[in-house]
Structures are given as C-alpha cells and as structure tokens.
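Asker: Data: run23.txt, compact mmCIF, C-alpha atoms.
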```
# COMPACT_ATOMS: atom_id res chain seq x y z
CA MET K 1 -36.97 75.50 -143.20
CA THR K 2 -34.53 72.62 -143.72
CA ASN K 3 -31.41 71.31 -142.06
CA SER K 4 -28.86 73.51 -143.83
CA THR K 5 -25.78 71.77 -145.23
CA SER K 6 -24.03 71.50 -148.59
CA SER K 7 -26.03 69.78 -151.34
CA GLU K 8 -23.47 67.01 -151.89
CA ASN K 9 -24.00 65.88 -148.29
CA ILE K 10 -27.77 65.54 -148.76
CA ILE K 11 -28.92 62.01 -149.56
CA VAL K 12 -32.69 62.66 -149.35
CA SER K 13 -34.22 66.00 -150.28
CA ILE K 14 -37.94 66.63 -149.89
CA LYS K 15 -39.31 69.86 -151.34
CA LYS K 16 -42.81 71.31 -150.90
CA LEU K 17 -44.45 67.94 -150.29
CA PHE K 18 -48.23 67.63 -150.26
CA PHE K 19 -49.99 64.32 -149.65
CA SER K 20 -53.58 63.54 -148.69
CA ARG K 21 -55.74 60.51 -148.00
CA GLY K 22 -59.22 61.49 -149.10
CA SER K 23 -60.04 64.83 -147.50
CA ARG K 24 -57.39 64.45 -144.80
CA LYS K 25 -54.09 66.25 -145.34
CA ILE K 26 -51.16 64.10 -144.22
CA PHE K 27 -48.43 66.49 -145.41
CA ASP K 28 -49.15 70.13 -146.10
CA ASP K 29 -46.16 71.75 -147.84
CA ILE K 30 -43.24 70.24 -145.91
CA SER K 31 -39.58 70.40 -146.91
CA LEU K 32 -36.70 68.60 -145.22
CA ASP K 33 -33.23 67.22 -145.91
CA ILE K 34 -31.58 64.01 -144.74
CA GLN K 35 -27.83 64.36 -144.36
CA ARG K 36 -25.57 61.64 -145.71
CA GLY K 37 -23.84 59.49 -143.09
CA LYS K 38 -26.00 60.77 -140.22
CA ILE K 39 -28.89 59.41 -138.16
CA THR K 40 -31.99 61.50 -138.77
CA ALA K 41 -35.19 60.93 -136.80
CA ILE K 42 -38.72 61.67 -137.94
CA MET K 43 -40.83 61.96 -134.81
CA GLY K 44 -44.31 62.97 -133.81
CA PRO K 45 -47.58 61.67 -132.36
CA SER K 46 -49.22 58.56 -133.78
CA GLY K 47 -51.12 59.17 -137.00
CA THR K 48 -48.96 62.04 -138.23
CA GLY K 49 -47.76 60.19 -141.32
CA LYS K 50 -44.28 59.14 -140.27
CA THR K 51 -44.49 55.70 -141.90
CA THR K 52 -46.24 57.27 -144.90
CA LEU K 53 -43.18 59.47 -145.37
CA LEU K 54 -40.95 56.39 -145.61
CA LYS K 55 -43.26 54.94 -148.27
CA LEU K 56 -43.06 58.18 -150.23
CA ILE K 57 -39.26 58.14 -150.05
CA GLY K 58 -39.25 54.53 -151.28
CA GLY K 59 -41.61 55.28 -154.15
CA GLN K 60 -44.41 53.06 -152.83
CA LEU K 61 -46.70 56.10 -152.66
CA TYR K 62 -46.88 59.14 -154.92
CA PRO K 63 -47.18 62.71 -153.61
CA ASP K 64 -50.00 65.01 -154.66
CA LYS K 65 -47.41 67.74 -155.19
CA GLY K 66 -43.73 68.23 -154.51
CA GLN K 67 -40.54 66.35 -155.20
CA ILE K 68 -38.47 63.74 -153.40
CA HIS K 69 -34.88 63.19 -154.51
CA VAL K 70 -32.84 60.24 -153.22
CA ASP K 71 -29.14 60.33 -154.01
CA GLY K 72 -29.86 62.92 -156.70
CA GLN K 73 -32.67 60.97 -158.38
CA ASN K 74 -36.27 62.14 -158.54
CA VAL K 75 -37.95 59.05 -157.07
CA HIS K 76 -41.36 59.53 -158.63
CA ARG K 77 -40.06 60.15 -162.15
CA LEU K 78 -37.95 57.00 -162.34
CA LYS K 79 -38.86 54.16 -164.66
CA THR K 80 -39.86 50.97 -162.86
CA ALA K 81 -36.52 49.22 -163.47
CA ASP K 82 -34.57 52.26 -162.25
CA LEU K 83 -36.76 52.55 -159.15
CA TYR K 84 -36.11 48.88 -158.29
CA THR K 85 -32.38 49.47 -158.74
CA LEU K 86 -32.55 52.43 -156.35
CA ARG K 87 -34.54 50.42 -153.81
CA LYS K 88 -31.78 47.80 -153.67
CA ARG K 89 -29.63 50.54 -152.15
CA MET K 90 -32.27 51.36 -149.52
CA GLY K 91 -32.58 48.92 -146.63
CA MET K 92 -35.83 48.79 -144.68
CA LEU K 93 -36.50 47.56 -141.15
CA PHE K 94 -40.26 47.08 -140.88
CA GLN K 95 -42.08 47.63 -137.60
CA SER K 96 -43.15 43.98 -137.51
CA GLY K 97 -39.77 42.68 -138.65
CA ALA K 98 -41.58 40.98 -141.57
CA LEU K 99 -39.48 37.81 -141.47
CA LEU K 100 -40.52 34.96 -143.75
CA THR K 101 -42.01 32.51 -141.29
CA ASP K 102 -41.45 29.28 -143.25
CA ILE K 103 -37.66 29.55 -143.55
CA ASN K 104 -34.96 29.79 -140.91
CA VAL K 105 -32.85 32.77 -139.87
CA TYR K 106 -30.02 31.94 -142.29
CA ASP K 107 -32.35 31.74 -145.29
CA ASN K 108 -34.16 34.94 -144.29
CA VAL K 109 -30.89 36.87 -144.44
CA ALA K 110 -29.79 35.05 -147.59
CA PHE K 111 -33.08 35.80 -149.36
CA PRO K 112 -32.22 39.26 -150.80
CA LEU K 113 -28.77 38.01 -151.85
CA ARG K 114 -30.30 35.09 -153.74
CA GLU K 115 -32.99 37.28 -155.29
CA HIS K 116 -30.86 40.21 -156.41
CA THR K 117 -27.36 38.82 -157.04
CA HIS K 118 -25.73 35.96 -158.93
CA LEU K 119 -23.28 35.14 -156.17
CA PRO K 120 -22.31 31.50 -155.53
CA GLU K 121 -23.71 29.89 -152.37
CA SER K 122 -20.24 29.81 -150.82
CA MET K 123 -20.02 33.61 -150.98
CA ILE K 124 -23.62 34.02 -149.86
CA ARG K 125 -22.80 31.89 -146.82
CA THR K 126 -19.87 34.14 -145.94
CA LEU K 127 -21.97 37.29 -146.29
CA VAL K 128 -24.88 35.88 -144.28
CA LEU K 129 -22.61 34.85 -141.42
CA MET K 130 -20.95 38.29 -141.49
CA LYS K 131 -24.31 40.08 -141.27
CA LEU K 132 -25.58 37.79 -138.51
CA HIS K 133 -22.33 38.23 -136.59
CA ALA K 134 -22.75 42.01 -136.84
CA VAL K 135 -26.09 41.76 -135.02
CA GLY K 136 -24.87 39.14 -132.55
CA LEU K 137 -26.93 36.23 -133.91
CA ARG K 138 -24.52 34.06 -135.91
CA GLY K 139 -25.25 31.21 -133.51
CA ALA K 140 -29.00 31.48 -134.14
CA ARG K 141 -28.84 30.86 -137.88
CA GLU K 142 -30.69 27.53 -137.75
CA LEU K 143 -33.60 28.84 -135.68
CA MET K 144 -37.03 29.46 -137.16
CA PRO K 145 -38.69 32.88 -136.72
CA SER K 146 -41.22 31.32 -134.32
CA GLU K 147 -38.33 30.40 -132.01
CA LEU K 148 -37.03 33.97 -131.75
CA SER K 149 -37.81 36.56 -129.11
CA GLY K 150 -39.13 39.90 -130.30
CA GLY K 151 -35.73 41.53 -129.92
CA MET K 152 -33.95 38.71 -131.76
CA ALA K 153 -36.45 38.87 -134.63
CA ARG K 154 -35.85 42.61 -135.00
CA ARG K 155 -32.08 42.00 -135.11
CA VAL K 156 -32.45 39.28 -137.77
CA ALA K 157 -34.55 41.72 -139.79
CA LEU K 158 -31.75 44.26 -139.42
CA ALA K 159 -29.19 41.71 -140.66
CA ARG K 160 -31.41 41.13 -143.70
CA ALA K 161 -31.77 44.90 -144.24
CA ILE K 162 -27.98 45.28 -144.53
CA ALA K 163 -27.46 42.12 -146.62
CA LEU K 164 -27.04 44.07 -149.89
CA ASP K 165 -24.83 46.74 -148.29
CA PRO K 166 -27.31 49.60 -148.79
CA MET K 167 -26.39 53.26 -148.74
CA MET K 168 -29.14 53.95 -146.20
CA ILE K 169 -31.59 52.17 -143.93
CA MET K 170 -35.08 53.31 -143.00
CA TYR K 171 -36.31 52.12 -139.59
CA ASP K 172 -40.07 52.03 -139.00
CA GLU K 173 -40.68 52.19 -135.23
CA PRO K 174 -37.68 49.95 -134.39
CA PHE K 175 -38.18 50.16 -130.61
CA THR K 176 -41.91 49.37 -130.43
CA GLY K 177 -42.73 46.40 -128.21
CA GLN K 178 -39.16 45.81 -127.07
CA ASP K 179 -38.09 45.09 -123.50
CA PRO K 180 -35.41 47.39 -122.01
CA ILE K 181 -32.54 45.01 -122.80
CA SER K 182 -33.63 44.45 -126.41
CA MET K 183 -34.24 48.16 -126.83
CA GLY K 184 -30.77 48.96 -125.54
CA ALA K 185 -29.26 46.41 -127.92
CA LEU K 186 -31.11 47.92 -130.90
CA VAL K 187 -30.08 51.47 -129.97
CA HIS K 188 -26.45 50.33 -129.81
CA LEU K 189 -26.74 48.39 -133.11
CA ILE K 190 -28.27 51.26 -135.07
CA LYS K 191 -25.56 53.63 -133.92
CA SER K 192 -22.64 51.23 -134.38
CA LEU K 193 -23.77 49.98 -137.80
CA ASN K 194 -24.27 53.53 -139.01
CA VAL K 195 -20.67 54.34 -138.10
CA THR K 196 -18.89 51.11 -139.08
CA LEU K 197 -20.75 50.61 -142.38
CA GLY K 198 -20.89 54.28 -143.32
CA LEU K 199 -24.68 54.20 -143.55
CA THR K 200 -27.31 56.89 -143.50
CA SER K 201 -30.19 56.08 -141.14
CA ILE K 202 -33.72 57.44 -141.06
CA ILE K 203 -35.60 56.49 -137.90
CA VAL K 204 -39.36 56.89 -137.65
CA SER K 205 -40.28 56.70 -133.99
CA HIS K 206 -42.24 58.15 -131.10
CA ASP K 207 -39.83 56.72 -128.50
CA VAL K 208 -38.28 60.01 -127.48
CA GLN K 209 -35.55 58.94 -125.07
CA GLU K 210 -34.08 56.12 -127.16
CA THR K 211 -34.22 58.03 -130.45
CA ALA K 212 -32.81 61.26 -129.05
CA ALA K 213 -29.87 59.29 -127.60
CA ILE K 214 -28.56 58.38 -131.07
CA ALA K 215 -30.06 60.88 -133.54
CA ASP K 216 -27.90 63.60 -135.04
CA TYR K 217 -30.93 65.60 -136.16
CA ILE K 218 -34.67 65.35 -135.46
CA TYR K 219 -37.77 66.57 -137.29
CA VAL K 220 -41.01 66.70 -135.30
CA LEU K 221 -44.22 66.40 -137.34
CA SER K 222 -47.74 67.28 -136.33
CA GLU K 223 -50.91 68.02 -138.29
CA GLY K 224 -49.16 67.90 -141.65
CA LYS K 225 -46.41 70.35 -140.74
CA ILE K 226 -42.89 70.31 -139.37
CA VAL K 227 -43.43 71.88 -135.95
CA GLY K 228 -39.84 71.56 -134.75
CA GLN K 229 -36.40 70.54 -135.92
CA GLY K 230 -32.84 70.51 -134.65
CA THR K 231 -30.35 68.48 -132.71
CA PRO K 232 -31.67 66.59 -129.66
CA GLN K 233 -30.26 69.30 -127.41
CA GLN K 234 -31.85 72.08 -129.45
CA LEU K 235 -35.24 70.39 -129.20
CA ALA K 236 -34.79 69.80 -125.48
CA ASP K 237 -34.25 73.57 -125.11
CA SER K 238 -37.08 74.53 -127.51
CA ASP K 239 -39.75 77.04 -126.47
CA SER K 240 -42.27 75.56 -128.92
CA ALA K 241 -45.41 74.28 -127.17
CA TRP K 242 -45.72 71.54 -129.80
CA VAL K 243 -42.16 70.32 -129.28
CA LYS K 244 -42.37 70.56 -125.49
CA GLN K 245 -45.57 68.50 -125.39
CA PHE K 246 -44.10 65.73 -127.53
CA MET K 247 -40.61 65.63 -126.01
CA HIS K 248 -41.98 65.69 -122.44
CA GLY K 249 -44.91 63.35 -123.10
CA ASP K 250 -47.58 65.75 -121.83
CA ALA K 251 -51.14 64.41 -122.12
CA ASP K 252 -52.62 67.67 -123.36
CA GLY K 253 -51.40 70.71 -125.22
CA PRO K 254 -51.45 71.70 -128.90
CA VAL K 255 -52.19 68.03 -129.59
CA HIS K 256 -55.44 67.67 -127.68
CA PHE K 257 -56.39 64.68 -125.57
CA HIS K 258 -60.03 64.92 -126.71
CA TYR K 259 -60.96 64.34 -130.34
CA PRO K 260 -63.10 67.27 -131.60
CA ALA K 261 -66.71 66.75 -130.52
CA ALA K 262 -69.91 68.57 -129.68
CA ASP K 263 -70.41 70.15 -126.27
CA TYR K 264 -70.29 67.32 -123.68
CA LEU K 265 -73.44 68.28 -121.72
CA ALA K 266 -75.42 68.95 -124.90
CA ASP K 267 -74.31 65.59 -126.26
CA LEU K 268 -75.43 63.77 -123.11
CA LEU K 269 -78.84 65.46 -123.07
CA ALA K 270 -79.49 65.22 -126.80
CA PRO K 271 -82.61 63.20 -127.76
CA GLN K 272 -81.97 59.69 -128.96
```
Produce structure tokens that represent the structure in this file.

Answerer:
Amino acid sequence: MTNSTSSENIIVSIKKLFFSRGSRKIFDDISLDIQRGKITAIMGPSGTGKTTLLKLIGGQLYPDKGQIHVDGQNVHRLKTADLYTLRKRMGMLFQSGALLTDINVYDNVAFPLREHTHLPESMIRTLVLMKLHAVGLRGARELMPSELSGGMARRVALARAIALDPMMIMYDEPFTGQDPISMGALVHLIKSLNVTLGLTSIIVSHDVQETAAIADYIYVLSEGKIVGQGTPQQLADSDSAWVKQFMHGDADGPVHFHYPAADYLADLLAPQ
C-alpha cells in the first residue's frame, strides 16, 4: 500500500523493491511514494535499512528487483551523466555533516557552486551569504569546522545542501547527537526551509517526537517490510503492535530485545 495521491504530485515512486546484503533481506517487496512539497519520514529501528533506502534513491546502490523513479526518471536506468545531473537536484544532509575539514564554513558552502556552476565569485559570494543567513550562521563564515559545535556543523551542512537550490533534500538522521536547543533549531529549519524554498524533504530518523512534529507522512519499516504508514496522528492512533512498539519506545514487542539464540540454560551448561 502507498500514500495515495495524484501521480503528478509524486516526486519519488518506489515499486516492488527488493534489496539484500548477502543472505540478509533489507527490503522485501516494498512500495512507497514521496509526495512533492511535503516532509516524508522513513522511520524504524536501527538496522532496518533506512539509510540504504536513501542510497538507492540517489543511485549509489542498485536494487535486486523493482524500480525507483525520481521526478519521473528511472534512477537505475540513467546514463552516468544523466544520473549526475539528477543528483545535482537532490540535496543530502549526511548524519556526520561531512564538512570538508581543511576549509572554512564559507568555502564549504561555496564548494558545490564552484564545482557545478560557472558563476563568478561575486555571485557565489551572494549565494553563500544567503544560504548561511537562512540557517542563522552568516556571521560564522570564517570559522573552521573544528571550531563549530555539533549543531552549528549540521546547520552549515544544511546550507551546503541547499546551495544549488535542489528540488528535494534527503536527511540522514539529522537529530542524532544534538542537544535539545540544537535539535529544536534543526526541527524549525527543516520545516521552514521546506515551506519557504518549496522543497520536498525525506527524513530518515528514529527520533520519534522530533520527526513526528514536522512530518506530513511517515513510513515505519521493520524486517524488510513497511509495517505502518500514515500521518503522525494516524500512527499515534494505530492498533499495530509494530507501530505501537516503535512510536512508544517499548523495549520488547514484535522487535525483540534478545537476538535469536539457543536456550539460555542449555547454553550455560553446554560443554566447552
């Protein structure tokens, strides 16, 4: 089942996706749609393939079966040059921020503009200052990444992600390791940028409260399947044991606390 809406409003369409690593199935026949102009969250326990899904959407990984269309283009059938062109329209905020450590904040944000455009430095300067102002860090442009707090580094990475004015941004665990103030700032930024810049946002996260506060639609993954989907309110009201365990943070349930193992007593008494 997918989030039903008209096809012209779908920016990412995933149909019957299968993907494995060795003998382990990461995705087992999943289908989902990402609606244009909305904030869609992909949630689930650690190790369920949320980041892998972003790599599949970006064409960094190839599915075993199934199709992924981004803005009407079949990602995994594109020629290399066409894939690179599509990627320029897809911003990415990495979990680590992935700033270049040997150059300052200004040059980090300018980097994609210098690499992918032929704009004069005067125009690049204007654009860089605009992007840094949007994330509240215009005054930090001369700082080196080592001088930034974790929250500031994530915001600089966000400024860099929007440097080329992408049609959508993919966020890989944007709230991990952030203090409450930084987390609140990022939540506000993601929402406000999505509205003011007309973006589409895909958030991969297991931070339920923060993500549910801004997401328009949420997919919950577990064991290679979509075990729940809907608006934050619909998931809060869900009767699914899978969804309840994840949304409420229960230690045990369909996702077991104990990794599968032999009988405990038999294991203890087994000969060495």

Asker: For Pro166 of chain K, which of K:Leu86, K:Lys225, K:Leu143, K:Thr211 is the closest residue, counting all atoms listed in the file?

Answerer: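 Checking each of K:Leu86, K:Lys225, K:Leu143, K:Thr211 against Pro166 of chain K, counting all atoms listed in the file, the winner is K:Leu86.
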
Asker: Using only C-alpha atoms, can you tell me which of K:Val12, K:Val220, K:Ile190, K:Ala261 comes closest to Asp33 of chain K?

Answerer: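 Using only C-alpha atoms, the shortest distance to Asp33 of chain K belongs to K:Val12.
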
Asker: Pick out the closest residue to Gln60 of chain K from this set: K:Leu83, K:Leu269, K:Ala98, K:Ile34. Count all atoms listed in the file.

Answerer: K:Leu83

Asker: One decimal, Å: what's the distance from atom CA of Ala241 of chain K over to atom CA of Glu223 of chain K, could you say?

Answerer: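 Distance reported for this atom pair: 13.9 Å.
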
Asker: Of the candidates K:Trp242, K:Phe111, K:Phe18, K:Tyr84, which shows the shortest atom-to-atom distance to Leu56 of chain K, using only C-alpha atoms?

Answerer: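 Between K:Trp242, K:Phe111, K:Phe18, K:Tyr84, the residue approaching Leu56 of chain K most closely is K:Phe18.
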